[in-house]
Protein chains: 2
Amino acid sequence: MERADAARNRARILEAAAELFAARPAQDVTMDDIAKAAGVGRGTLYRRYPDRASIAVALLDEHERALQEKLLRGDPPLGPGAPPAERLTAFYAAMVELLEGHVHLVLGAEVGRSRFETGAYGFWRAHVRSLLVAAGTRAPDALVDALLAPLAPEVYGYQRHDLGLTPAQIAEGLSRLTGAL
Amino acid sequence: MERADAARNRARILEAAAELFAARPAQDVTMDDIAKAAGVGRGTLYRRYPDRASIAVALLDEHERALQEKLLRGDPPLGPGAPPAERLTAFYAAMVELLEGHVHLVLGAEVGRSRFETGAYGFWRAHVRSLLVAAGTRAPDALVDALLAPLAPEVYGYQRHDLGLTPAQIAEGLSRLTGAL
DNA sequence: AGTTAAGCGGACACTGCGTCCAGTTAAGCA
DNA sequence: TGCTTAACTGGACGCAGTGTCCGCTTAACT
């Protein structure tokens with residue numbers, strides 16, 4: 001079980017990190033910054049979180065869990081019950097919503113390749129793959145990652161902030177990918 | 001005009017970098033490694049190439065130019081003349097071929113966001129966008145980046161080496177995205 | 001109150017980056 | 001061919017961020 005001081009420090013770290021990540025790009029936030037802002041030493045920080053990504057993952061966790069829960073047991077079309085294409089569109093819309101609120105965190109959590117190694121990616125992948133199977137799409141494994149690729153935070157950030165698209169426009173664009181199943 | 005010693009050094013740098021990039025992941029190759037391998041000092045290296053990415057871009061340049069040329073003036077279906085959906089499929093196949101030969105270089109050249117800032121991305125984007133327009137697809141700007149996202153080197157590397165898909169399987173999966181136009 | 005093990009945090013060593021400048025050398029010219 | 005000059009060279013340097021280590025502190029349990 002966790003000691004009281006450890007729990008207090010964990011909370012301070014997450015709170016401080018959330019503020020810093022919101023204030024500037026994740027890669028500009030150093031572990032030292034977070035330790036300073038949280039009022040703990042470097043050693044304490046590293047004890048729990050070996051790198052920036054693990055902190056971002058911790059902050060992101062509850063949001064992702066909530067969506068995962070809705071996918072598994074929520075109402076259609078997000079949850080089970082609706083036709084695969086509609087569920088995929090609903091999934092895209094939900095992911096856009098999540099990205100809109102937390103791109104900076106996802107960017108902090110996923111640096112390039114690491115995206116594929118997170119548990120979250122595995123979950124999204126399994127979900128979309130099951131939709132492809134349900135739709136009777138052949139060779140789902142050759143398609144599923146292509147359907148998930150546009151949800152990479154860099155892509156979303158580019159569409160949203162460099163091109164100036166709205167979340168609705170992005171979600172609409174994504175929904176047209178369902179034509180592939 | 002370029003001095004003889006400068007030209008010689010440029011060639012040595014590119015040659016050494018190509019070998020190093022082929023031997024191990026791009027981010028594990030330091031500027032110092034390249035300088036050492038090329039037999040030049042750090043200062044000389046930095047004079048011409050301010051970072052790893054610019055070296056990878058230089059190495060990639062000719063391959064990308066060749067493909068760009070074919071897209072603009074080559075035979076159909078890659079070049080002009082074929083229906084948009086067929087041209088898009090041909091484009092995907094050509095990109096898969098390019099990635100298969102040079103993923104490590106593309107990974108070295110594009111780190112996350114920087115992908116969108118390269119001239120090459122702008123070219124691919126303009127090409128695919130023009131195909132969407134030719135196909136009469138509405139709101140091409142909301143779709144084009146989603147169609148390009150699966151060509152990110154991280155995605156290709158994941159499909160190819162973590163999942164073990166063949167280039168043909170990946171190209172086939174991509175070709176199904178043409179259902180979106 | 002005493003014991004103990006977990007937790008703490010700052011100092012330290014290390015690595016890679018990017019710059020700078022004194023020395024070198026190629027290229028143009030007489 | 002010898003001279004001048006400007007570009008080029010390359011290693012030393014300072015810096016920033018990382019991750020570890022270990023003596024000290026303190027919560028939890030008896």
# chains A, B, ... in the order shown; residues from 1 in each chain; ligands from 1

$ interface_residues --of "chain C" --to "chain B" --cutoff "9 Å" --atoms "only C-alpha atoms (C1' of nucleotides)" --output "list in words"
DG16, DC17, DG18, DT19, DT25, DA26 and DA27 of chain C

$ select_by_dssp --residues "region 68-135 of chain A" --states "alpha helix (DSSP H)" --output "PDB file with N, CA and C atoms, in the first residue's frame"
ATOM      1  N   GLN A  68     -13.261   3.903 -23.590  1.00  0.00           N
ATOM      2  CA  GLN A  68     -13.181   2.452 -23.786  1.00  0.00           C
ATOM      3  C   GLN A  68     -14.410   1.771 -23.186  1.00  0.00           C
ATOM      4  N   GLU A  69     -14.826   2.270 -22.045  1.00  0.00           N
ATOM      5  CA  GLU A  69     -16.017   1.727 -21.388  1.00  0.00           C
ATOM      6  C   GLU A  69     -17.247   1.911 -22.273  1.00  0.00           C
ATOM      7  N   LYS A  70     -17.370   3.087 -22.862  1.00  0.00           N
ATOM      8  CA  LYS A  70     -18.524   3.366 -23.724  1.00  0.00           C
ATOM      9  C   LYS A  70     -18.512   2.481 -24.965  1.00  0.00           C
ATOM     10  N   LEU A  71     -17.312   2.209 -25.490  1.00  0.00           N
ATOM     11  CA  LEU A  71     -17.219   1.360 -26.681  1.00  0.00           C
ATOM     12  C   LEU A  71     -17.678  -0.058 -26.363  1.00  0.00           C
ATOM     13  N   LEU A  72     -17.329  -0.516 -25.175  1.00  0.00           N
ATOM     14  CA  LEU A  72     -17.637  -1.895 -24.807  1.00  0.00           C
ATOM     15  C   LEU A  72     -19.075  -2.083 -24.361  1.00  0.00           C
ATOM     16  N   ARG A  73     -19.575  -1.121 -23.605  1.00  0.00           N
ATOM     17  CA  ARG A  73     -20.865  -1.341 -22.952  1.00  0.00           C
ATOM     18  C   ARG A  73     -21.823  -0.169 -23.060  1.00  0.00           C
ATOM     19  N   PRO A  84     -21.672  -1.875 -38.254  1.00  0.00           N
ATOM     20  CA  PRO A  84     -20.245  -1.546 -38.128  1.00  0.00           C
ATOM     21  C   PRO A  84     -19.865  -0.165 -38.656  1.00  0.00           C
ATOM     22  N   ALA A  85     -20.355   0.197 -39.832  1.00  0.00           N
ATOM     23  CA  ALA A  85     -19.972   1.486 -40.417  1.00  0.00           C
ATOM     24  C   ALA A  85     -20.405   2.631 -39.514  1.00  0.00           C
ATOM     25  N   GLU A  86     -21.583   2.515 -38.953  1.00  0.00           N
ATOM     26  CA  GLU A  86     -22.065   3.585 -38.059  1.00  0.00           C
ATOM     27  C   GLU A  86     -21.258   3.631 -36.779  1.00  0.00           C
ATOM     28  N   ARG A  87     -20.894   2.446 -36.293  1.00  0.00           N
ATOM     29  CA  ARG A  87     -20.093   2.412 -35.069  1.00  0.00           C
ATOM     30  C   ARG A  87     -18.716   3.017 -35.314  1.00  0.00           C
ATOM     31  N   LEU A  88     -18.184   2.769 -36.505  1.00  0.00           N
ATOM     32  CA  LEU A  88     -16.864   3.343 -36.822  1.00  0.00           C
ATOM     33  C   LEU A  88     -16.947   4.864 -36.884  1.00  0.00           C
ATOM     34  N   THR A  89     -18.002   5.369 -37.518  1.00  0.00           N
ATOM     35  CA  THR A  89     -18.190   6.818 -37.572  1.00  0.00           C
ATOM     36  C   THR A  89     -18.311   7.396 -36.167  1.00  0.00           C
ATOM     37  N   ALA A  90     -19.058   6.724 -35.313  1.00  0.00           N
ATOM     38  CA  ALA A  90     -19.222   7.199 -33.931  1.00  0.00           C
ATOM     39  C   ALA A  90     -17.892   7.161 -33.193  1.00  0.00           C
ATOM     40  N   PHE A  91     -17.124   6.106 -33.461  1.00  0.00           N
ATOM     41  CA  PHE A  91     -15.796   6.008 -32.833  1.00  0.00           C
ATOM     42  C   PHE A  91     -14.916   7.177 -33.262  1.00  0.00           C
ATOM     43  N   TYR A  92     -14.901   7.462 -34.558  1.00  0.00           N
ATOM     44  CA  TYR A  92     -14.113   8.589 -35.051  1.00  0.00           C
ATOM     45  C   TYR A  92     -14.547   9.885 -34.358  1.00  0.00           C
ATOM     46  N   ALA A  93     -15.834  10.099 -34.260  1.00  0.00           N
ATOM     47  CA  ALA A  93     -16.335  11.328 -33.641  1.00  0.00           C
ATOM     48  C   ALA A  93     -15.881  11.419 -32.191  1.00  0.00           C
ATOM     49  N   ALA A  94     -15.933  10.304 -31.496  1.00  0.00           N
ATOM     50  CA  ALA A  94     -15.526  10.299 -30.087  1.00  0.00           C
ATOM     51  C   ALA A  94     -14.032  10.567 -29.956  1.00  0.00           C
ATOM     52  N   MET A  95     -13.240   9.986 -30.854  1.00  0.00           N
ATOM     53  CA  MET A  95     -11.802  10.199 -30.804  1.00  0.00           C
ATOM     54  C   MET A  95     -11.466  11.664 -31.115  1.00  0.00           C
ATOM     55  N   VAL A  96     -12.206  12.250 -32.052  1.00  0.00           N
ATOM     56  CA  VAL A  96     -11.979  13.663 -32.363  1.00  0.00           C
ATOM     57  C   VAL A  96     -12.271  14.516 -31.135  1.00  0.00           C
ATOM     58  N   GLU A  97     -13.328  14.166 -30.442  1.00  0.00           N
ATOM     59  CA  GLU A  97     -13.669  14.907 -29.229  1.00  0.00           C
ATOM     60  C   GLU A  97     -12.552  14.777 -28.197  1.00  0.00           C
ATOM     61  N   LEU A  98     -12.075  13.555 -28.036  1.00  0.00           N
ATOM     62  CA  LEU A  98     -10.994  13.328 -27.076  1.00  0.00           C
ATOM     63  C   LEU A  98      -9.733  14.087 -27.486  1.00  0.00           C
ATOM     64  N   LEU A  99      -9.409  14.040 -28.756  1.00  0.00           N
ATOM     65  CA  LEU A  99      -8.215  14.750 -29.233  1.00  0.00           C
ATOM     66  C   LEU A  99      -8.380  16.257 -29.062  1.00  0.00           C
ATOM     67  N   GLU A 100      -9.565  16.750 -29.368  1.00  0.00           N
ATOM     68  CA  GLU A 100      -9.790  18.192 -29.262  1.00  0.00           C
ATOM     69  C   GLU A 100      -9.505  18.681 -27.840  1.00  0.00           C
ATOM     70  N   GLY A 101      -9.867  17.880 -26.871  1.00  0.00           N
ATOM     71  CA  GLY A 101      -9.651  18.287 -25.484  1.00  0.00           C
ATOM     72  C   GLY A 101      -8.246  18.041 -24.974  1.00  0.00           C
ATOM     73  N   HIS A 102      -7.575  17.068 -25.566  1.00  0.00           N
ATOM     74  CA  HIS A 102      -6.307  16.653 -24.957  1.00  0.00           C
ATOM     75  C   HIS A 102      -5.190  16.371 -25.941  1.00  0.00           C
ATOM     76  N   VAL A 103      -5.186  17.037 -27.088  1.00  0.00           N
ATOM     77  CA  VAL A 103      -4.100  16.781 -28.045  1.00  0.00           C
ATOM     78  C   VAL A 103      -2.748  16.920 -27.397  1.00  0.00           C
ATOM     79  N   HIS A 104      -2.586  17.969 -26.602  1.00  0.00           N
ATOM     80  CA  HIS A 104      -1.270  18.218 -26.017  1.00  0.00           C
ATOM     81  C   HIS A 104      -0.825  17.049 -25.159  1.00  0.00           C
ATOM     82  N   LEU A 105      -1.768  16.408 -24.477  1.00  0.00           N
ATOM     83  CA  LEU A 105      -1.405  15.250 -23.663  1.00  0.00           C
ATOM     84  C   LEU A 105      -1.057  14.048 -24.537  1.00  0.00           C
ATOM     85  N   VAL A 106      -1.861  13.833 -25.569  1.00  0.00           N
ATOM     86  CA  VAL A 106      -1.577  12.699 -26.445  1.00  0.00           C
ATOM     87  C   VAL A 106      -0.231  12.903 -27.124  1.00  0.00           C
ATOM     88  N   LEU A 107       0.045  14.148 -27.497  1.00  0.00           N
ATOM     89  CA  LEU A 107       1.344  14.438 -28.088  1.00  0.00           C
ATOM     90  C   LEU A 107       2.465  14.176 -27.097  1.00  0.00           C
ATOM     91  N   GLY A 108       2.195  14.438 -25.837  1.00  0.00           N
ATOM     92  CA  GLY A 108       3.203  14.181 -24.820  1.00  0.00           C
ATOM     93  C   GLY A 108       3.405  12.700 -24.576  1.00  0.00           C
ATOM     94  N   ALA A 109       2.327  11.956 -24.730  1.00  0.00           N
ATOM     95  CA  ALA A 109       2.369  10.526 -24.414  1.00  0.00           C
ATOM     96  C   ALA A 109       2.949   9.703 -25.548  1.00  0.00           C
ATOM     97  N   GLY A 119      -0.837   0.721 -24.489  1.00  0.00           N
ATOM     98  CA  GLY A 119      -2.006  -0.143 -24.342  1.00  0.00           C
ATOM     99  C   GLY A 119      -3.205   0.442 -25.065  1.00  0.00           C
ATOM    100  N   ALA A 120      -3.310   1.767 -25.045  1.00  0.00           N
ATOM    101  CA  ALA A 120      -4.460   2.414 -25.677  1.00  0.00           C
ATOM    102  C   ALA A 120      -4.537   2.059 -27.162  1.00  0.00           C
ATOM    103  N   TYR A 121      -3.392   2.122 -27.870  1.00  0.00           N
ATOM    104  CA  TYR A 121      -3.436   1.803 -29.295  1.00  0.00           C
ATOM    105  C   TYR A 121      -3.940   0.384 -29.517  1.00  0.00           C
ATOM    106  N   GLY A 122      -3.462  -0.515 -28.694  1.00  0.00           N
ATOM    107  CA  GLY A 122      -3.928  -1.891 -28.791  1.00  0.00           C
ATOM    108  C   GLY A 122      -5.444  -1.993 -28.653  1.00  0.00           C
ATOM    109  N   PHE A 123      -5.978  -1.196 -27.759  1.00  0.00           N
ATOM    110  CA  PHE A 123      -7.430  -1.231 -27.563  1.00  0.00           C
ATOM    111  C   PHE A 123      -8.167  -0.687 -28.785  1.00  0.00           C
ATOM    112  N   TRP A 124      -7.757   0.503 -29.235  1.00  0.00           N
ATOM    113  CA  TRP A 124      -8.429   1.078 -30.419  1.00  0.00           C
ATOM    114  C   TRP A 124      -8.312   0.114 -31.604  1.00  0.00           C
ATOM    115  N   ARG A 125      -7.156  -0.490 -31.734  1.00  0.00           N
ATOM    116  CA  ARG A 125      -6.926  -1.396 -32.843  1.00  0.00           C
ATOM    117  C   ARG A 125      -7.862  -2.595 -32.776  1.00  0.00           C
ATOM    118  N   ALA A 126      -7.965  -3.187 -31.590  1.00  0.00           N
ATOM    119  CA  ALA A 126      -8.835  -4.351 -31.419  1.00  0.00           C
ATOM    120  C   ALA A 126     -10.290  -3.975 -31.719  1.00  0.00           C
ATOM    121  N   HIS A 127     -10.658  -2.775 -31.279  1.00  0.00           N
ATOM    122  CA  HIS A 127     -12.037  -2.337 -31.503  1.00  0.00           C
ATOM    123  C   HIS A 127     -12.336  -2.203 -32.994  1.00  0.00           C
ATOM    124  N   VAL A 128     -11.507  -1.444 -33.685  1.00  0.00           N
ATOM    125  CA  VAL A 128     -11.758  -1.225 -35.112  1.00  0.00           C
ATOM    126  C   VAL A 128     -11.652  -2.544 -35.879  1.00  0.00           C
ATOM    127  N   ARG A 129     -10.722  -3.356 -35.482  1.00  0.00           N
ATOM    128  CA  ARG A 129     -10.578  -4.650 -36.155  1.00  0.00           C
ATOM    129  C   ARG A 129     -11.860  -5.469 -36.019  1.00  0.00           C
ATOM    130  N   SER A 130     -12.446  -5.447 -34.825  1.00  0.00           N
ATOM    131  CA  SER A 130     -13.677  -6.224 -34.615  1.00  0.00           C
ATOM    132  C   SER A 130     -14.816  -5.673 -35.475  1.00  0.00           C
ATOM    133  N   LEU A 131     -14.805  -4.352 -35.689  1.00  0.00           N
ATOM    134  CA  LEU A 131     -15.834  -3.768 -36.561  1.00  0.00           C
ATOM    135  C   LEU A 131     -15.639  -4.245 -37.995  1.00  0.00           C
ATOM    136  N   LEU A 132     -14.396  -4.317 -38.425  1.00  0.00           N
ATOM    137  CA  LEU A 132     -14.111  -4.800 -39.773  1.00  0.00           C
ATOM    138  C   LEU A 132     -14.563  -6.240 -39.930  1.00  0.00           C
ATOM    139  N   VAL A 133     -14.264  -7.049 -38.928  1.00  0.00           N
ATOM    140  CA  VAL A 133     -14.678  -8.452 -38.974  1.00  0.00           C
ATOM    141  C   VAL A 133     -16.201  -8.549 -39.031  1.00  0.00           C
ATOM    142  N   ALA A 134     -16.848  -7.748 -38.196  1.00  0.00           N
ATOM    143  CA  ALA A 134     -18.321  -7.768 -38.158  1.00  0.00           C
ATOM    144  C   ALA A 134     -18.914  -7.354 -39.502  1.00  0.00           C
TER     145      ALA A 134
END

$ closest_atom_pairs --of "chain A" --to "chain B" --cutoff "10 Å" --atoms "only C-alpha atoms" --output "Markdown table"
| residue | atom | partner | partner_atom | distance |
| --- | --- | --- | --- | --- |
| A:Leu107 | CA | B:Gly112 | CA | 9.2 |
| A:Glu110 | CA | B:Gly112 | CA | 9.5 |
| A:Val111 | CA | B:Gly112 | CA | 7.0 |
| A:Gly112 | CA | B:Gly112 | CA | 5.7 |
| A:Arg113 | CA | B:Glu154 | CA | 5.5 |
| A:Ser114 | CA | B:Glu154 | CA | 9.1 |
| A:Arg115 | CA | B:Glu154 | CA | 8.9 |
| A:Phe116 | CA | B:Tyr158 | CA | 7.4 |
| A:Glu117 | CA | B:Tyr158 | CA | 9.7 |
| A:Arg138 | CA | B:Gly173 | CA | 9.8 |
| A:Ala139 | CA | B:Gly173 | CA | 8.0 |
| A:Pro140 | CA | B:Gly173 | CA | 8.4 |
| A:Asp141 | CA | B:Gly173 | CA | 8.4 |
| A:Ala142 | CA | B:Gly173 | CA | 4.9 |
| A:Leu143 | CA | B:Gly173 | CA | 4.8 |
| A:Val144 | CA | B:Gly173 | CA | 8.5 |
| A:Asp145 | CA | B:Val155 | CA | 7.3 |
| A:Ala146 | CA | B:Pro150 | CA | 4.8 |
| A:Leu147 | CA | B:Pro150 | CA | 7.6 |
| A:Leu148 | CA | B:Pro150 | CA | 8.0 |
| A:Ala149 | CA | B:Pro150 | CA | 5.1 |
| A:Pro150 | CA | B:Ala146 | CA | 4.8 |
| A:Leu151 | CA | B:Ala146 | CA | 8.3 |
| A:Ala152 | CA | B:Ala149 | CA | 8.1 |
| A:Pro153 | CA | B:Arg113 | CA | 9.0 |
| A:Glu154 | CA | B:Arg113 | CA | 5.5 |
| A:Val155 | CA | B:Ala149 | CA | 7.0 |
| A:Tyr156 | CA | B:Asp145 | CA | 9.1 |
| A:Gly157 | CA | B:Arg113 | CA | 8.5 |
| A:Tyr158 | CA | B:Phe116 | CA | 7.4 |
| A:Gln159 | CA | B:Asp145 | CA | 7.5 |
| A:Asp162 | CA | B:Phe116 | CA | 9.5 |
| A:Leu163 | CA | B:Asp141 | CA | 8.5 |
| A:Leu165 | CA | B:Ala142 | CA | 7.4 |
| A:Thr166 | CA | B:Ala142 | CA | 9.4 |
| A:Ala168 | CA | B:Ala142 | CA | 9.7 |
| A:Gln169 | CA | B:Ala142 | CA | 6.1 |
| A:Ile170 | CA | B:Ala142 | CA | 5.7 |
| A:Ala171 | CA | B:Ala142 | CA | 8.5 |
| A:Glu172 | CA | B:Ala142 | CA | 7.5 |
| A:Gly173 | CA | B:Leu143 | CA | 4.8 |
| A:Leu174 | CA | B:Ala146 | CA | 6.8 |
| A:Ser175 | CA | B:Ala180 | CA | 8.9 |
| A:Arg176 | CA | B:Ala180 | CA | 5.3 |
| A:Leu177 | CA | B:Ala180 | CA | 5.2 |
| A:Thr178 | CA | B:Ala180 | CA | 7.2 |
| A:Gly179 | CA | B:Gly179 | CA | 4.9 |
| A:Ala180 | CA | B:Gly179 | CA | 5.1 |
| A:Leu181 | CA | B:Arg176 | CA | 8.0 |

$ write_last_selection --atoms "N, CA and C atoms" --output "short mmCIF file (atom, residue, chain, number, x, y, z; two decimals), in the first residue's frame"
data_model
loop_
_atom_site.label_atom_id
_atom_site.label_comp_id
_atom_site.auth_asym_id
_atom_site.auth_seq_id
_atom_site.Cartn_x
_atom_site.Cartn_y
_atom_site.Cartn_z
N LEU A 107 0.04 14.15 -27.50
CA LEU A 107 1.34 14.44 -28.09
C LEU A 107 2.46 14.18 -27.10
N GLU A 110 2.74 10.16 -26.77
CA GLU A 110 3.12 9.34 -27.92
C GLU A 110 4.14 10.06 -28.77
N VAL A 111 5.35 9.56 -28.75
CA VAL A 111 6.37 10.15 -29.60
C VAL A 111 6.69 9.16 -30.71
N GLY A 112 6.17 9.45 -31.89
CA GLY A 112 6.46 8.60 -33.05
C GLY A 112 6.01 7.16 -32.82
N ARG A 113 6.95 6.27 -32.93
CA ARG A 113 6.71 4.84 -32.81
C ARG A 113 5.99 4.43 -31.53
N SER A 114 6.28 5.13 -30.44
CA SER A 114 5.78 4.69 -29.14
C SER A 114 4.25 4.57 -29.16
N ARG A 115 3.64 5.33 -30.06
CA ARG A 115 2.20 5.27 -30.23
C ARG A 115 1.69 3.83 -30.28
N PHE A 116 2.40 3.00 -31.01
CA PHE A 116 1.93 1.63 -31.24
C PHE A 116 2.19 0.71 -30.07
N GLU A 117 3.00 1.19 -29.16
CA GLU A 117 3.35 0.32 -28.04
C GLU A 117 2.49 0.59 -26.81
N ARG A 138 -12.60 -8.40 -45.72
CA ARG A 138 -11.52 -9.38 -45.78
C ARG A 138 -10.21 -8.72 -45.37
N ALA A 139 -9.27 -9.52 -44.96
CA ALA A 139 -7.92 -9.06 -44.56
C ALA A 139 -7.98 -7.82 -43.67
N PRO A 140 -8.67 -7.91 -42.55
CA PRO A 140 -8.80 -6.72 -41.68
C PRO A 140 -7.44 -6.19 -41.20
N ASP A 141 -6.48 -7.08 -41.03
CA ASP A 141 -5.19 -6.63 -40.50
C ASP A 141 -4.42 -5.71 -41.43
N ALA A 142 -4.76 -5.78 -42.72
CA ALA A 142 -4.06 -4.92 -43.67
C ALA A 142 -4.70 -3.53 -43.73
N LEU A 143 -5.87 -3.42 -43.12
CA LEU A 143 -6.63 -2.16 -43.24
C LEU A 143 -6.71 -1.38 -41.94
N VAL A 144 -6.72 -2.11 -40.83
CA VAL A 144 -7.05 -1.47 -39.55
C VAL A 144 -6.08 -0.34 -39.18
N ASP A 145 -4.81 -0.52 -39.40
CA ASP A 145 -3.87 0.53 -39.01
C ASP A 145 -3.97 1.75 -39.92
N ALA A 146 -4.34 1.51 -41.17
CA ALA A 146 -4.54 2.63 -42.09
C ALA A 146 -5.75 3.46 -41.63
N LEU A 147 -6.75 2.79 -41.09
CA LEU A 147 -7.93 3.51 -40.60
C LEU A 147 -7.65 4.27 -39.30
N LEU A 148 -6.67 3.81 -38.55
CA LEU A 148 -6.33 4.47 -37.28
C LEU A 148 -5.28 5.57 -37.46
N ALA A 149 -4.52 5.48 -38.54
CA ALA A 149 -3.41 6.43 -38.74
C ALA A 149 -3.83 7.90 -38.68
N PRO A 150 -4.99 8.26 -39.25
CA PRO A 150 -5.35 9.69 -39.21
C PRO A 150 -5.65 10.20 -37.81
N LEU A 151 -5.72 9.30 -36.83
CA LEU A 151 -5.98 9.74 -35.45
C LEU A 151 -4.69 10.03 -34.70
N ALA A 152 -3.57 9.90 -35.37
CA ALA A 152 -2.30 10.28 -34.74
C ALA A 152 -2.38 11.76 -34.35
N PRO A 153 -1.92 12.09 -33.16
CA PRO A 153 -2.06 13.47 -32.69
C PRO A 153 -1.42 14.50 -33.60
N GLU A 154 -0.32 14.12 -34.26
CA GLU A 154 0.33 15.08 -35.16
C GLU A 154 -0.59 15.43 -36.32
N VAL A 155 -1.28 14.40 -36.84
CA VAL A 155 -2.19 14.64 -37.96
C VAL A 155 -3.34 15.53 -37.52
N TYR A 156 -3.89 15.21 -36.37
CA TYR A 156 -5.00 16.03 -35.87
C TYR A 156 -4.56 17.48 -35.67
N GLY A 157 -3.40 17.65 -35.03
CA GLY A 157 -2.89 18.99 -34.78
C GLY A 157 -2.67 19.76 -36.07
N TYR A 158 -2.18 19.06 -37.09
CA TYR A 158 -1.95 19.72 -38.38
C TYR A 158 -3.28 20.17 -38.99
N GLN A 159 -4.24 19.27 -39.03
CA GLN A 159 -5.54 19.61 -39.62
C GLN A 159 -6.22 20.73 -38.85
N ASP A 162 -2.98 24.01 -38.18
CA ASP A 162 -2.28 24.56 -39.34
C ASP A 162 -3.25 24.85 -40.47
N LEU A 163 -4.18 23.91 -40.70
CA LEU A 163 -5.14 24.12 -41.77
C LEU A 163 -6.37 24.88 -41.28
N LEU A 165 -9.06 23.58 -39.79
CA LEU A 165 -10.33 22.84 -39.88
C LEU A 165 -11.00 22.77 -38.52
N THR A 166 -12.32 22.64 -38.53
CA THR A 166 -13.05 22.48 -37.27
C THR A 166 -13.10 21.01 -36.91
N ALA A 168 -15.63 19.29 -36.34
CA ALA A 168 -16.72 18.68 -37.11
C ALA A 168 -16.25 18.32 -38.52
N GLN A 169 -15.48 19.22 -39.14
CA GLN A 169 -14.99 18.93 -40.49
C GLN A 169 -14.05 17.74 -40.48
N ILE A 170 -13.20 17.67 -39.46
CA ILE A 170 -12.27 16.56 -39.37
C ILE A 170 -13.02 15.24 -39.18
N ALA A 171 -13.99 15.26 -38.29
CA ALA A 171 -14.78 14.05 -38.02
C ALA A 171 -15.52 13.62 -39.28
N GLU A 172 -16.01 14.60 -40.03
CA GLU A 172 -16.73 14.29 -41.26
C GLU A 172 -15.80 13.64 -42.27
N GLY A 173 -14.61 14.20 -42.38
CA GLY A 173 -13.62 13.63 -43.29
C GLY A 173 -13.31 12.19 -42.93
N LEU A 174 -13.11 11.95 -41.64
CA LEU A 174 -12.81 10.60 -41.18
C LEU A 174 -13.94 9.64 -41.49
N SER A 175 -15.17 10.13 -41.30
CA SER A 175 -16.32 9.22 -41.48
C SER A 175 -16.38 8.69 -42.91
N ARG A 176 -15.79 9.46 -43.85
CA ARG A 176 -15.82 8.98 -45.24
C ARG A 176 -14.89 7.79 -45.46
N LEU A 177 -13.98 7.57 -44.52
CA LEU A 177 -13.10 6.41 -44.64
C LEU A 177 -13.87 5.11 -44.46
N THR A 178 -15.05 5.19 -43.89
CA THR A 178 -15.84 3.96 -43.69
C THR A 178 -16.20 3.34 -45.04
N GLY A 179 -16.02 4.11 -46.10
CA GLY A 179 -16.25 3.55 -47.42
C GLY A 179 -15.31 2.39 -47.74
N ALA A 180 -14.27 2.25 -46.94
CA ALA A 180 -13.29 1.19 -47.18
C ALA A 180 -13.77 -0.16 -46.66
N LEU A 181 -14.85 -0.18 -45.88
CA LEU A 181 -15.28 -1.50 -45.36
C LEU A 181 -16.54 -2.04 -46.03
#

$ residues_around --residues "Ala58 (chain A)" --least-positions-apart "3" --cutoff "10 Å" --atoms "only C-alpha atoms (C1' of nucleotides)" --output "compact mmCIF listing (two decimals) with N, CA and C atoms, in the first residue's frame"
# COMPACT_ATOMS: atom_id res chain seq x y z
N LEU A 14 1.16 15.15 -10.69
CA LEU A 14 0.19 15.13 -11.78
C LEU A 14 -0.42 16.51 -12.00
N TYR A 49 7.70 8.02 -12.26
CA TYR A 49 7.51 8.22 -13.69
C TYR A 49 8.87 8.30 -14.37
N ALA A 53 6.49 10.74 -21.02
CA ALA A 53 5.38 9.99 -21.61
C ALA A 53 4.54 9.31 -20.54
N SER A 54 5.17 8.72 -19.55
CA SER A 54 4.40 7.99 -18.55
C SER A 54 3.52 8.93 -17.72
N ILE A 55 3.96 10.17 -17.58
CA ILE A 55 3.13 11.15 -16.86
C ILE A 55 1.92 11.51 -17.71
N ASP A 61 -5.18 8.76 -18.84
CA ASP A 61 -5.78 7.48 -18.54
C ASP A 61 -7.28 7.51 -18.31
N GLU A 62 -7.74 8.40 -17.45
CA GLU A 62 -9.16 8.35 -17.10
C GLU A 62 -10.05 8.67 -18.30
N HIS A 63 -9.58 9.63 -19.13
CA HIS A 63 -10.37 9.97 -20.32
C HIS A 63 -10.47 8.78 -21.26
N LEU A 105 -1.77 16.41 -24.48
CA LEU A 105 -1.40 15.25 -23.66
C LEU A 105 -1.06 14.05 -24.54
N ALA A 109 2.33 11.96 -24.73
CA ALA A 109 2.37 10.53 -24.41
C ALA A 109 2.95 9.70 -25.55

$ residues_around --residues "DA30 (chain C)" --least-positions-apart "4" --cutoff "12 Å" --atoms "only C-alpha atoms (C1' of nucleotides)" --output "ChimeraX atom specification"
/D:1-4

$ atom_distance --atom1 "CA of Arg160 (chain B)" --atom2 "CA of Asp28 (chain B)"
20.5 Å

$ interface_residues --of "chain D" --to "chain A" --cutoff "10 Å" --atoms "only C-alpha atoms (C1' of nucleotides)" --output "list in words"
DG17, DT18, DG19, DT20, DC21, DT26, DA27 and DA28 of chain D

$ residues_around --residues "Glu19 (chain A)" --least-positions-apart "4" --cutoff "12 Å" --atoms "only C-alpha atoms (C1' of nucleotides)" --output "JSON, numbers by chain"
{"A": [12, 13, 14, 15, 23, 24, 25, 26, 29, 33, 34, 37, 38, 56, 59, 104, 105]}

$ atom_distance --atom1 "CA of Thr118 (chain A)" --atom2 "CA of Thr44 (chain A)"
23.9 Å
